[in-house]
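K.L.:
Dropping in my_file23.txt, with compact mmCIF, C-alpha atoms (C1' of nucleotides).
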# COMPACT_ATOMS: atom_id res chain seq x y z
CA MET A 1227 9.27 -26.01 0.92
CA ASP A 1228 12.30 -23.85 0.33
CA ILE A 1229 14.80 -23.13 3.04
CA GLU A 1230 13.90 -19.50 3.28
CA ALA A 1231 10.33 -20.45 4.13
CA ARG A 1232 11.54 -22.93 6.72
CA ILE A 1233 13.68 -20.31 8.39
CA ARG A 1234 10.81 -17.86 8.33
CA ARG A 1235 8.60 -20.39 10.06
CA ARG A 1236 11.11 -20.90 12.79
CA ARG A 1237 11.52 -17.22 13.37
CA GLN A 1238 7.81 -16.67 13.54
CA ARG A 1239 6.97 -19.66 15.64
CA GLY A 1240 7.26 -19.19 19.35
CA THR A 1241 8.86 -21.88 21.44
CA ASP A 1242 5.64 -23.46 22.56
CA GLN A 1243 3.26 -22.37 19.86
CA THR A 1244 1.81 -25.27 18.07
CA LEU A 1245 -1.27 -23.65 16.62
CA VAL A 1246 0.10 -21.59 13.77
CA LEU A 1247 2.72 -22.99 11.42
CA ASP A 1248 3.05 -20.13 8.97
CA TYR A 1249 1.38 -16.76 9.21
CA ASP A 1250 2.04 -16.02 5.56
CA LEU A 1251 -0.34 -18.78 4.57
CA LEU A 1252 -3.11 -17.16 6.59
CA ASN A 1253 -2.25 -13.63 5.52
CA PRO A 1254 -4.77 -12.39 2.96
CA ALA A 1255 -2.21 -9.89 1.69
CA VAL A 1256 0.17 -12.67 0.72
CA HIS A 1257 -0.77 -14.57 -2.41
CA VAL A 1258 -0.09 -18.23 -2.94
CA PRO A 1259 1.42 -19.57 -6.18
CA GLU A 1260 -1.65 -21.66 -6.97
CA PRO A 1261 -4.89 -19.85 -6.14
CA VAL A 1262 -7.77 -22.13 -5.18
CA GLY A 1263 -10.91 -22.31 -7.26
CA ARG A 1264 -10.08 -19.67 -9.85
CA GLY A 1265 -9.25 -21.96 -12.75
CA PRO A 1266 -11.65 -20.42 -15.27
CA VAL A 1267 -10.36 -16.95 -14.50
CA VAL A 1268 -6.78 -18.06 -14.92
CA GLU A 1269 -7.77 -19.49 -18.30
CA ARG A 1270 -9.30 -16.23 -19.43
CA LEU A 1271 -6.25 -14.29 -18.36
CA LEU A 1272 -4.00 -16.74 -20.20
CA ASP A 1273 -6.18 -16.41 -23.29
CA HIS A 1274 -5.65 -12.69 -23.15
CA LEU A 1275 -1.91 -13.07 -22.65
CA ASN A 1276 -1.58 -15.69 -25.36
CA PRO A 1277 0.47 -13.56 -27.81
CA VAL A 1278 3.19 -13.43 -25.17
CA PHE A 1279 4.01 -17.08 -25.76
CA ASP A 1280 4.83 -16.29 -29.39
CA GLY A 1281 7.02 -13.40 -28.44
CA SER A 1282 4.58 -10.62 -29.21
CA LEU A 1283 2.48 -8.35 -27.08
CA PRO A 1284 -1.23 -8.68 -26.24
CA PRO A 1285 -3.57 -5.70 -26.32
CA ASP A 1286 -3.97 -3.71 -23.14
CA GLY A 1287 -6.49 -5.14 -20.70
CA TYR A 1288 -8.56 -4.39 -17.66
CA VAL A 1289 -9.24 -7.04 -15.04
CA TRP A 1290 -11.93 -6.01 -12.63
CA GLY A 1291 -14.18 -7.39 -9.94
CA PRO A 1292 -15.31 -6.84 -6.35
CA PRO A 1293 -12.88 -6.70 -3.42
CA GLY A 1294 -11.52 -10.04 -2.31
CA SER A 1295 -12.50 -11.81 -5.53
CA GLY A 1296 -8.99 -13.02 -6.22
CA LYS A 1297 -7.90 -10.46 -8.80
CA SER A 1298 -4.50 -9.89 -7.27
CA ALA A 1299 -4.16 -13.55 -6.42
CA VAL A 1300 -4.74 -14.64 -10.01
CA VAL A 1301 -2.75 -11.92 -11.73
CA SER A 1302 0.25 -12.10 -9.43
CA ALA A 1303 0.29 -15.90 -9.67
CA VAL A 1304 0.11 -15.91 -13.46
CA PHE A 1305 2.72 -13.17 -13.79
CA SER A 1306 5.13 -14.89 -11.45
CA HIS A 1307 4.86 -18.04 -13.54
CA LEU A 1308 5.57 -16.06 -16.69
CA GLU A 1309 8.91 -15.10 -15.23
CA THR A 1310 10.05 -18.59 -14.34
CA PRO A 1311 12.95 -20.07 -16.32
CA ALA A 1312 10.66 -22.93 -17.35
CA MET A 1313 8.97 -20.52 -19.69
CA GLN A 1314 12.10 -19.90 -21.68
CA PRO A 1315 13.09 -23.30 -23.20
CA ARG A 1316 9.84 -23.61 -25.08
CA THR A 1317 10.80 -20.75 -27.35
CA ALA A 1318 14.11 -22.39 -28.13
CA ILE A 1319 12.39 -25.64 -29.12
CA GLN A 1320 9.99 -23.91 -31.42
CA THR A 1321 12.65 -22.16 -33.42
CA THR A 1322 12.87 -24.76 -36.18
CA THR A 1323 10.53 -22.83 -38.41
CA ARG A 1324 11.80 -19.48 -37.27
CA ALA A 1325 14.92 -17.62 -38.10
CA GLN A 1326 16.15 -17.27 -34.58
CA SER A 1327 15.10 -18.04 -31.06
CA VAL A 1328 12.33 -15.80 -29.88
CA GLU A 1329 12.91 -13.79 -26.78
CA LEU A 1330 9.74 -13.50 -24.79
CA PRO A 1331 8.45 -10.19 -23.48
CA ARG A 1332 9.30 -9.54 -19.89
CA SER A 1333 6.51 -9.48 -17.36
CA VAL A 1334 6.32 -6.94 -14.60
CA TYR A 1335 3.90 -6.74 -11.69
CA VAL A 1336 3.38 -3.38 -10.02
CA ASN A 1337 1.28 -2.88 -6.92
CA GLY A 1338 -0.55 0.43 -7.11
CA ARG A 1339 -0.86 0.51 -3.36
CA GLU A 1340 2.86 0.77 -2.93
CA VAL A 1341 3.11 3.52 -5.47
CA ASP A 1342 1.86 6.99 -4.72
CA SER A 1343 3.51 9.12 -7.33
CA GLU A 1344 4.22 9.01 -11.01
CA PHE A 1345 7.89 8.76 -10.19
CA GLN A 1346 7.41 5.68 -8.06
CA LEU A 1347 5.29 3.95 -10.68
CA TYR A 1348 7.98 4.18 -13.37
CA ARG A 1349 10.74 3.53 -10.89
CA GLN A 1350 8.98 0.34 -9.82
CA ILE A 1351 8.69 -0.88 -13.39
CA LEU A 1352 12.32 -0.03 -14.05
CA SER A 1353 13.66 -1.73 -10.97
CA ASP A 1354 11.57 -4.82 -11.66
CA MET A 1355 13.03 -5.12 -15.14
CA THR A 1356 16.58 -4.61 -14.01
CA GLY A 1357 16.27 -7.07 -11.18
CA GLY A 1358 15.88 -4.86 -8.19
CA ASP A 1359 18.30 -2.03 -8.66
CA GLY A 1360 17.14 1.36 -9.71
CA PRO A 1361 17.27 4.80 -8.20
CA SER A 1362 14.90 5.29 -5.28
CA ARG A 1363 15.10 9.06 -5.54
CA GLY A 1364 17.56 11.71 -6.44
CA VAL A 1365 16.75 11.65 -10.13
CA SER A 1366 13.95 13.23 -12.08
CA THR A 1367 10.86 11.45 -13.28
CA ASP A 1368 11.97 12.16 -16.84
CA THR A 1369 15.25 10.39 -16.22
CA VAL A 1370 13.42 7.28 -15.10
CA THR A 1371 11.13 7.18 -18.13
CA ALA A 1372 14.12 7.78 -20.40
CA ARG A 1373 15.89 4.79 -18.91
CA LEU A 1374 12.81 2.66 -19.29
CA GLN A 1375 12.72 3.71 -22.89
CA SER A 1376 16.30 2.71 -23.62
CA LEU A 1377 15.84 -0.53 -21.72
CA LEU A 1378 12.88 -1.48 -23.88
CA SER A 1379 14.21 -0.27 -27.20
CA ASP A 1380 16.08 -3.45 -28.11
CA ARG A 1381 13.81 -6.02 -26.52
CA PRO A 1382 10.56 -7.70 -27.40
CA GLY A 1383 8.93 -5.42 -24.87
CA ALA A 1384 7.20 -6.02 -21.59
CA VAL A 1385 3.76 -6.79 -20.33
CA ILE A 1386 3.05 -4.82 -17.20
CA ALA A 1387 0.38 -5.59 -14.62
CA VAL A 1388 -0.72 -2.51 -12.71
CA ASP A 1389 -2.60 -3.85 -9.74
CA HIS A 1390 -4.93 -1.78 -7.55
CA ALA A 1391 -5.21 0.78 -10.29
CA ASP A 1392 -7.98 2.53 -8.33
CA ALA A 1393 -5.38 3.53 -5.75
CA LEU A 1394 -3.34 5.40 -8.32
CA GLU A 1395 -3.64 9.10 -8.98
CA GLN A 1396 -3.36 8.48 -12.70
CA SER A 1397 -6.03 6.92 -14.83
CA PRO A 1398 -5.14 4.42 -17.55
CA THR A 1399 -5.36 7.29 -20.01
CA ASP A 1400 -2.82 9.32 -18.01
CA ILE A 1401 -0.42 6.44 -17.83
CA HIS A 1402 -0.67 5.84 -21.54
CA ALA A 1403 0.03 9.47 -22.19
CA ALA A 1404 3.07 9.40 -19.93
CA LEU A 1405 4.43 6.24 -21.51
CA ALA A 1406 3.43 7.18 -25.06
CA THR A 1407 7.01 7.09 -26.29
CA LEU A 1408 7.23 3.39 -25.58
CA ASP A 1409 3.74 2.54 -26.65
CA ASP A 1410 4.78 -0.27 -29.00
CA ALA A 1411 7.10 -1.78 -26.45
CA ILE A 1412 4.65 -2.38 -23.63
CA ALA A 1413 1.27 -3.89 -22.96
CA ILE A 1414 -0.46 -2.99 -19.72
CA VAL A 1415 -2.99 -5.01 -17.80
CA PHE A 1416 -4.79 -2.83 -15.29
CA ILE A 1417 -6.49 -4.39 -12.29
CA GLY A 1418 -9.18 -2.62 -10.32
CA GLN A 1419 -12.55 -2.74 -8.63
CA THR A 1420 -14.28 0.02 -10.54
CA PRO A 1421 -16.46 -1.00 -13.49
CA PRO A 1422 -14.73 -0.09 -16.77
CA SER A 1423 -17.45 2.40 -17.67
CA ASP A 1424 -16.43 4.53 -14.68
CA VAL A 1425 -12.70 4.49 -15.33
CA ASP A 1426 -11.10 6.97 -17.67
CA GLY A 1427 -9.61 4.95 -20.51
CA ALA A 1428 -10.75 1.54 -19.35
CA PRO A 1429 -13.69 1.09 -21.75
CA ASP A 1430 -11.20 0.91 -24.62
CA LEU A 1431 -9.37 -2.00 -23.06
CA ALA A 1432 -9.98 -5.71 -23.35
CA GLU A 1433 -12.08 -6.52 -20.34
CA ILE A 1434 -11.91 -9.48 -18.00
CA GLU A 1435 -14.49 -9.50 -15.26
CA ILE A 1436 -13.98 -11.57 -12.12
CA PRO A 1437 -17.03 -12.42 -10.00
CA GLY A 1438 -16.93 -12.76 -6.23
CA TYR A 1439 -16.29 -16.16 -4.67
CA GLY A 1440 -19.14 -18.54 -4.19
CA GLN A 1441 -19.76 -19.91 -0.72
CA GLN A 1442 -18.36 -23.35 -1.41
CA VAL A 1443 -15.21 -22.13 -3.10
CA LEU A 1444 -14.57 -19.75 -0.24
CA ILE A 1445 -14.76 -22.63 2.20
CA ASP A 1446 -12.24 -24.47 0.04
CA VAL A 1447 -9.92 -21.49 0.14
CA LEU A 1448 -10.12 -21.35 3.92
CA MET A 1449 -9.63 -25.07 4.35
CA THR A 1450 -6.68 -25.15 1.96
CA ARG A 1451 -4.89 -22.21 3.52
CA GLY A 1452 -5.85 -23.36 6.99
CA SER A 1453 -4.57 -26.87 6.52
CA SER A 1454 -1.17 -25.66 5.38
CA GLY A 1455 -0.82 -22.67 7.70
CA LEU A 1456 -2.22 -24.22 10.85
CA ALA A 1457 -1.40 -27.34 12.82
CA ASP A 1458 -3.29 -30.48 11.81
CA ASP A 1459 -7.05 -30.44 12.19
CA VAL A 1460 -7.19 -27.09 13.92
CA LEU A 1461 -9.72 -25.59 11.56
CA THR A 1462 -12.93 -27.56 11.26
CA TYR A 1463 -15.17 -27.54 8.25
CA ASP A 1464 -17.99 -26.01 10.24
CA GLN A 1465 -15.78 -23.18 11.37
CA ALA A 1466 -14.69 -22.50 7.82
CA ARG A 1467 -18.32 -22.46 6.79
CA GLN A 1468 -19.15 -20.10 9.63
CA ILE A 1469 -16.52 -17.65 8.43
CA ALA A 1470 -17.42 -18.03 4.77
CA SER A 1471 -21.09 -17.43 5.40
CA ARG A 1472 -20.29 -14.02 6.87
CA ALA A 1473 -17.69 -12.93 4.34
CA GLY A 1474 -20.01 -12.13 1.46
CA GLY A 1475 -17.81 -13.82 -1.13
CA ASN A 1476 -14.78 -11.79 -0.06
CA ALA A 1477 -11.74 -14.02 0.36
CA HIS A 1478 -9.72 -11.24 1.96
CA ASP A 1479 -12.26 -10.72 4.69
CA ALA A 1480 -12.61 -14.45 5.26
CA LEU A 1481 -8.87 -15.01 5.59
CA ALA A 1482 -8.48 -11.94 7.77
CA ALA A 1483 -11.18 -13.28 10.08
CA LEU A 1484 -9.46 -16.65 10.31
CA PHE A 1485 -6.17 -14.90 10.95
CA GLY A 1486 -7.70 -12.89 13.77
CA ALA A 1487 -9.33 -15.94 15.30
CA THR A 1488 -6.08 -17.89 15.38
CA VAL A 1489 -4.19 -14.97 16.92
CA LEU A 1490 -6.75 -14.79 19.70
CA ALA A 1491 -6.59 -18.51 20.34
CA GLU A 1492 -2.82 -18.43 20.30
CA ASP A 1493 -2.61 -15.45 22.64
CA ASN A 1494 -4.69 -17.39 25.10
CA GLY A 1495 -2.42 -20.39 24.84
CA ARG A 1496 -5.02 -22.61 23.24
CA GLU A 1497 -4.28 -25.23 20.65
CA THR A 1498 -7.69 -25.25 19.07
CA LEU A 1499 -10.06 -22.67 17.72
CA ARG A 1500 -13.15 -22.05 19.77
CA SER A 1501 -16.38 -20.75 18.44
CA ALA A 1502 -15.82 -17.55 20.41
CA ASP A 1503 -12.46 -17.05 18.68
CA ILE A 1504 -14.07 -17.42 15.30
CA GLU A 1505 -16.78 -14.97 16.22
CA ALA A 1506 -14.29 -12.41 17.56
CA GLY A 1507 -12.12 -12.90 14.50
CA ILE A 1508 -15.06 -12.10 12.25
CA GLU A 1509 -15.93 -9.08 14.39
CA ALA A 1510 -12.42 -7.67 13.99
CA VAL A 1511 -12.87 -7.40 10.21
CA PRO A 1512 -15.16 -4.47 9.35
CA LYS A 1513 -17.71 -5.12 6.61
CA GLY A 1514 -16.69 -3.44 3.40
CA GLY A 1515 -13.60 -2.14 5.13
CA THR A 1516 -10.10 -1.45 3.95
CA SER A 1517 -7.85 -4.37 3.13
CA LEU A 1518 -4.78 -5.43 5.03
CA GLY A 1519 -2.66 -4.90 1.96
CA THR A 1520 -3.58 -1.24 1.86
CA VAL A 1521 -2.80 -0.70 5.52
CA LEU A 1522 0.47 -2.62 5.41
CA ALA A 1523 1.58 -0.59 2.39
CA LEU A 1524 1.37 2.67 4.34
CA ALA A 1525 4.53 4.60 5.12
CA PRO A 1526 6.26 3.41 8.33
CA ASN A 1527 5.26 6.35 10.49
CA ARG A 1528 1.62 5.98 9.57
CA ARG A 1529 1.75 2.30 10.47
CA ARG A 1530 3.28 3.23 13.80
CA VAL A 1531 0.42 5.62 14.45
CA LEU A 1532 -2.07 2.86 13.61
CA ARG A 1533 -0.29 0.42 15.90
CA ALA A 1534 -0.24 2.93 18.72
CA PHE A 1535 -3.93 3.56 18.15
CA LEU A 1536 -4.72 -0.13 18.61
CA GLU A 1537 -3.35 -0.20 22.14
CA LEU A 1538 -5.16 2.87 23.42
CA ASP A 1539 -7.58 2.58 26.25
CA ASP A 1540 -11.19 3.29 25.35
CA THR A 1541 -11.13 6.51 27.34
CA TYR A 1542 -8.84 8.09 24.76
CA LEU A 1543 -11.07 7.26 21.83
CA SER A 1544 -13.84 9.75 22.43
CA SER A 1545 -12.44 12.44 20.12
CA VAL A 1546 -9.74 12.92 17.54
CA SER A 1547 -7.99 15.42 19.80
CA GLU A 1548 -7.89 13.00 22.72
CA THR A 1549 -6.66 10.24 20.48
CA THR A 1550 -3.98 12.52 19.07
CA GLU A 1551 -2.71 13.40 22.53
CA ALA A 1552 -2.65 9.79 23.62
CA ILE A 1553 -0.74 8.66 20.54
CA ALA A 1554 1.72 11.52 20.99
CA ASP A 1555 2.45 10.14 24.45
CA SER A 1556 3.08 6.68 23.10
CA THR A 1557 6.67 5.52 22.92
CA ARG A 1558 5.91 4.01 19.54
CA VAL A 1559 5.82 7.31 17.71
CA ASP A 1560 8.05 10.34 17.71
CA LEU A 1561 6.02 12.92 15.85
CA SER A 1562 4.55 16.31 16.67
CA THR A 1563 0.92 16.38 17.72
CA GLY A 1564 0.16 18.44 14.62
CA THR A 1565 1.50 15.72 12.39
CA ILE A 1566 -0.30 12.94 14.25
CA ARG A 1567 -3.53 14.88 13.99
CA ARG A 1568 -3.02 15.38 10.27
CA PHE A 1569 -2.21 11.69 9.84
CA LEU A 1570 -5.39 10.68 11.63
CA TYR A 1571 -7.54 12.90 9.46
CA GLU A 1572 -5.77 11.69 6.33
CA LEU A 1573 -6.25 8.08 7.38
CA ALA A 1574 -9.92 8.76 7.95
CA ASP A 1575 -10.09 10.29 4.50
CA ALA A 1576 -8.54 7.13 3.07
CA ASP A 1577 -11.27 5.04 4.73
CA ILE A 1578 -8.82 3.47 7.14
CA PHE A 1579 -10.74 5.08 9.97
CA HIS A 1580 -14.39 5.95 10.06
CA ARG A 1581 -15.24 9.24 11.72
CA VAL A 1582 -18.29 9.14 13.91
CA THR A 1583 -19.59 12.52 15.00
CA ALA A 1584 -20.26 12.60 18.70
CA GLU A 1585 -23.60 13.72 20.00
CA ARG A 1586 -22.23 16.51 22.12
CA THR A 1587 -23.96 17.15 25.40
CA SER A 1588 -22.22 20.33 26.46
CA GLY A 1589 -19.61 22.90 25.45
CA SER A 1590 -19.28 25.15 22.47
CA GLY A 1591 -17.72 24.75 19.09
CA ARG A 1592 -18.04 22.10 16.47
CA PRO A 1593 -18.79 18.70 17.97
CA PRO A 1594 -15.85 16.30 17.91
CA SER A 1595 -15.80 12.93 16.23
CA ARG A 1596 -14.22 9.70 17.28
CA LEU A 1597 -12.33 7.24 15.14
CA GLU A 1598 -13.33 3.67 14.47
CA PRO A 1599 -10.90 1.37 12.66
CA ARG A 1600 -11.98 0.22 9.22
CA PHE A 1601 -9.27 -2.40 8.75
CA PRO A 1602 -8.71 -5.89 10.18
CA THR A 1603 -7.36 -4.86 13.58
CA ILE A 1604 -6.11 -8.11 15.06
CA ALA A 1605 -4.41 -9.20 11.87
CA PHE A 1606 -2.74 -5.82 11.46
CA ARG A 1607 -1.52 -5.79 15.03
CA LYS A 1608 0.00 -9.25 14.71
CA LEU A 1609 1.62 -8.61 11.35
CA TYR A 1610 3.01 -5.32 12.56
CA ASP A 1611 4.49 -6.95 15.63
CA LEU A 1612 5.98 -9.75 13.52
CA GLY A 1613 7.63 -7.18 11.29
CA ALA A 1614 10.88 -5.59 12.28
CA ASP A 1615 9.63 -2.05 12.90
C1' DA B 1083 -19.63 36.67 18.38
C1' DC B 1084 -17.09 33.02 19.72
C1' DC B 1085 -15.34 28.51 19.99
C1' DT B 1086 -13.46 24.05 18.53
C1' DG B 1087 -13.08 20.61 14.95
C1' DG B 1088 -11.64 19.74 10.18
C1' DT B 1089 -9.35 20.81 5.53
C1' DC B 1090 -5.87 22.27 2.71
C1' DC B 1091 -1.61 23.58 1.28
C1' DC B 1092 3.25 24.77 1.13
C1' DG B 1093 8.12 25.56 2.70
C1' DG B 1094 12.13 23.52 4.99
C1' DG B 1095 15.02 20.04 5.34
C1' DC B 1096 16.30 15.36 4.68
C1' DT B 1097 18.12 11.54 1.81
C1' DC B 1098 19.59 9.71 -2.28
C1' DG B 1099 21.89 9.51 -6.89
C1' DG B 1100 24.45 11.79 -10.34
C1' DT B 1101 27.96 15.24 -11.72
C1' DT B 1102 31.73 18.18 -11.23
C1' DT B 1103 35.79 19.48 -8.89
C1' DT B 1104 39.83 18.56 -6.23
C1' DA C 79 39.77 8.13 -6.16
C1' DA C 80 37.70 11.05 -3.04
C1' DA C 81 35.21 14.90 -1.91
C1' DA C 82 32.27 18.53 -2.69
C1' DC C 83 28.29 20.01 -4.91
C1' DC C 84 23.69 19.93 -6.91
C1' DG C 85 19.07 18.76 -7.88
C1' DA C 86 15.30 15.39 -7.41
C1' DG C 87 11.38 13.52 -4.63
C1' DC C 88 9.26 13.11 -0.19
C1' DC C 89 8.20 13.56 4.82
C1' DC C 90 7.10 16.49 8.51
C1' DG C 91 5.64 20.53 10.66
C1' DG C 92 2.70 24.07 10.96
C1' DG C 93 -0.25 27.78 9.77
C1' DA C 94 -4.13 29.84 7.20
C1' DC C 95 -8.60 29.19 6.53
C1' DC C 96 -13.26 26.91 6.41
C1' DA C 97 -17.25 24.27 8.81
C1' DG C 98 -20.41 23.54 12.22
C1' DG C 99 -21.88 24.12 16.67
C1' DT C 100 -23.50 27.23 21.24
Translate this structure into structure tokens?

P.N.:
Amino acid sequence: MDIEARIRRRRQRGTDQTLVLDYDLLNPAVHVPEPVGRGPVVERLLDHLNPVFDGSLPPDGYVWGPPGSGKSAVVSAVFSHLETPAMQPRTAIQTTTRAQSVELPRSVYVNGREVDSEFQLYRQILSDMTGGDGPSRGVSTDTVTARLQSLLSDRPGAVIAVDHADALEQSPTDIHAALATLDDAIAIVFIGQTPPSDVDGAPDLAEIEIPGYGQQVLIDVLMTRGSSGLADDVLTYDQARQIASRAGGNAHDALAALFGATVLAEDNGRETLRSADIEAGIEAVPKGGTSLGTVLALAPNRRRVLRAFLELDDTYLSSVSETTEAIADSTRVDLSTGTIRRFLYELADADIFHRVTAERTSGSGRPPSRLEPRFPTIAFRKLYDLGAD
DNA sequence: ACCTGGTCCCGGGCTCGGTTTT
DNA sequence: AAAACCGAGCCCGGGACCAGGT
């Protein structure tokens, strides 16, 4: 384990907490370098990327599958390995029959959830290729694409993974149009949940479909992550099976449930997981809900609103207006009621809340609705509190 | 008719990066 | 070299307007 990870553990671990060793290993939004049980999928992705190892670019591709099937896990793992220095010597060795050493295409991984404008998409690619520095704003979108263009003009190009493509405003076709000037210099691998036939531009791409996890593999995922992230023997096989059986092949939901269960046990000062913890952990992850990654990628003020929401007493949850007022009173947020209200409606629109229309008993006007969270609540609360804001 | 909840949109002002002026 | 200026994207505030009820 690297030193950074050791320091992180120490900062996260309370003085007397012996249950959880490393929250990152339980966090479904954090991907591990070696995903469990996805070997065949990794192979198919490597097959697709094969031209990269000869210094040329593969065709554009579309990786798709249901939520929590390991798409991000596999793609981010493979792409991070492409960038390691170990990849480079091989080209030097193979140069005997070639004129000169072959420079491999760069690989770039962009998370569509963290990108909500065209500007940010290109900026993200640019800053990835230049090692972190790039304008955050203050320049035009055209300037950013122009810089990308000049950066790629004298290189073997780049292969770009655009993860969570469903979250982007632009379809693959739009992105191609916008990047048309550097069409020969880049290959894009889109990743999404929507079947290719329903995505504009996707049917023309090489397709890699990822199925959901099987029950047994999901148990393996839980046991592997649990054994490294938790103290010894905390998670039993039966408990892992209990979680897996309710997760419907969704590794995100399963890990979020385990995360929630351990937080509950820890908060109560226990050193083992009880059946009730497991059950409550599962309950705190809505079926077919929104992923932790999406919620954590929200702008800071929206996360604050969500955090404030999670500590409201039930009496303030009967209507959006009541909830708005209560959040406005919270010390966590410093926003006008109008803005909080707008945020809440926007979050409901983004499926982060579900709006339930109340069966009004009296009064006039349109009946109010109350908000129910559609994201893993316990896990979000803990991760928010661990973060610095 | 009237009321309250919900949707939509846009202008102001902020921050950041680049450019021109001092 | 420093300072002043400018223009870009983005967040917040808020208002106009629509929807759904008595």

K.L.:
Would you pick out the contacts of DC88 (chain C) at 12 Å or less, using all atoms listed in the file, so that residues sharing its chain but fewer than 5 positions from it are not included, and give the list as a list in words?

P.N.:
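Residues meeting the cut-off are Asp1342, Ser1343, Phe1345, Gln1346, Ser1362, Arg1363, Gly1364 and Ala1525 of chain A; DG1094, DG1095, DC1096, DT1097 and DC1098 of chain B.
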
K.L.:
Determine, for each residue of chain B having at least one atom at most 10 Å from an atom of chain A, the closest pair of atoms and their separation in Å to one decimal, counting all atoms listed in the file; order by chain and ascending number, as CSV.

P.N.:
residue,atom,partner,partner_atom,distance
B:DC1084,C1',A:Gly1591,CA,8.3
B:DC1085,C1',A:Gly1591,CA,4.5
B:DT1086,C1',A:Gly1591,CA,4.4
B:DG1087,C1',A:Arg1592,CA,5.4
B:DG1088,C1',A:Tyr1571,CA,8.0
B:DT1089,C1',A:Tyr1571,CA,9.0
B:DT1097,C1',A:Gly1364,CA,8.3
B:DC1098,C1',A:Gly1364,CA,5.0
B:DG1099,C1',A:Gly1364,CA,4.9
B:DG1100,C1',A:Val1365,CA,7.7

K.L.:
Here is a test: counting all atoms listed in the file, which residue of A:Glu1435, A:Asp1426, A:Asp1577, A:Asp1560 is nearest to chain C?

P.N.:
A:Asp1560

K.L.:
Could you give me, as JSON lines, every chain C residue with an atom at most 12 Å from chain A, plus its closest atom pair and distance in Å to one decimal, counting all atoms listed in the file, rows ordered by chain then number?

P.N.:
{"residue": "C:DC84", "atom": "C1'", "partner": "A:Gly1364", "partner_atom": "CA", "distance": 10.3}
{"residue": "C:DG85", "atom": "C1'", "partner": "A:Gly1364", "partner_atom": "CA", "distance": 7.4}
{"residue": "C:DA86", "atom": "C1'", "partner": "A:Gly1364", "partner_atom": "CA", "distance": 4.4}
{"residue": "C:DG87", "atom": "C1'", "partner": "A:Arg1363", "partner_atom": "CA", "distance": 5.9}
{"residue": "C:DC88", "atom": "C1'", "partner": "A:Arg1363", "partner_atom": "CA", "distance": 8.9}
{"residue": "C:DC89", "atom": "C1'", "partner": "A:Asn1527", "partner_atom": "CA", "distance": 9.6}
{"residue": "C:DC90", "atom": "C1'", "partner": "A:Thr1565", "partner_atom": "CA", "distance": 6.9}
{"residue": "C:DG91", "atom": "C1'", "partner": "A:Thr1565", "partner_atom": "CA", "distance": 6.6}
{"residue": "C:DG92", "atom": "C1'", "partner": "A:Gly1564", "partner_atom": "CA", "distance": 7.2}
{"residue": "C:DG93", "atom": "C1'", "partner": "A:Gly1564", "partner_atom": "CA", "distance": 10.5}
{"residue": "C:DA97", "atom": "C1'", "partner": "A:Arg1592", "partner_atom": "CA", "distance": 8.0}
{"residue": "C:DG98", "atom": "C1'", "partner": "A:Arg1592", "partner_atom": "CA", "distance": 5.1}
{"residue": "C:DG99", "atom": "C1'", "partner": "A:Arg1592", "partner_atom": "CA", "distance": 4.3}
{"residue": "C:DT100", "atom": "C1'", "partner": "A:Ser1590", "partner_atom": "CA", "distance": 4.9}

K.L.:
Quick one, how far is CA of Asn1276 (chain A) from CA of Ile1401 (chain A)?

P.N.:
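Straight-line distance from CA of Asn1276 (chain A) to CA of Ile1401 (chain A) works out to 23.4 Å.
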
K.L.:
Report the distance between CA of Gly1294 (chain A) and CA of Ala1428 (chain A) in Å, rounded to one decimal place.

P.N.:
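Rounded to one decimal, the two atoms are 20.6 Å apart.
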
K.L.:
Rounded to one decimal, what separation in Å do you get between CA of Gly1265 (chain A) and CA of Gly1475 (chain A)?

P.N.:
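It comes out at 16.6 Å.
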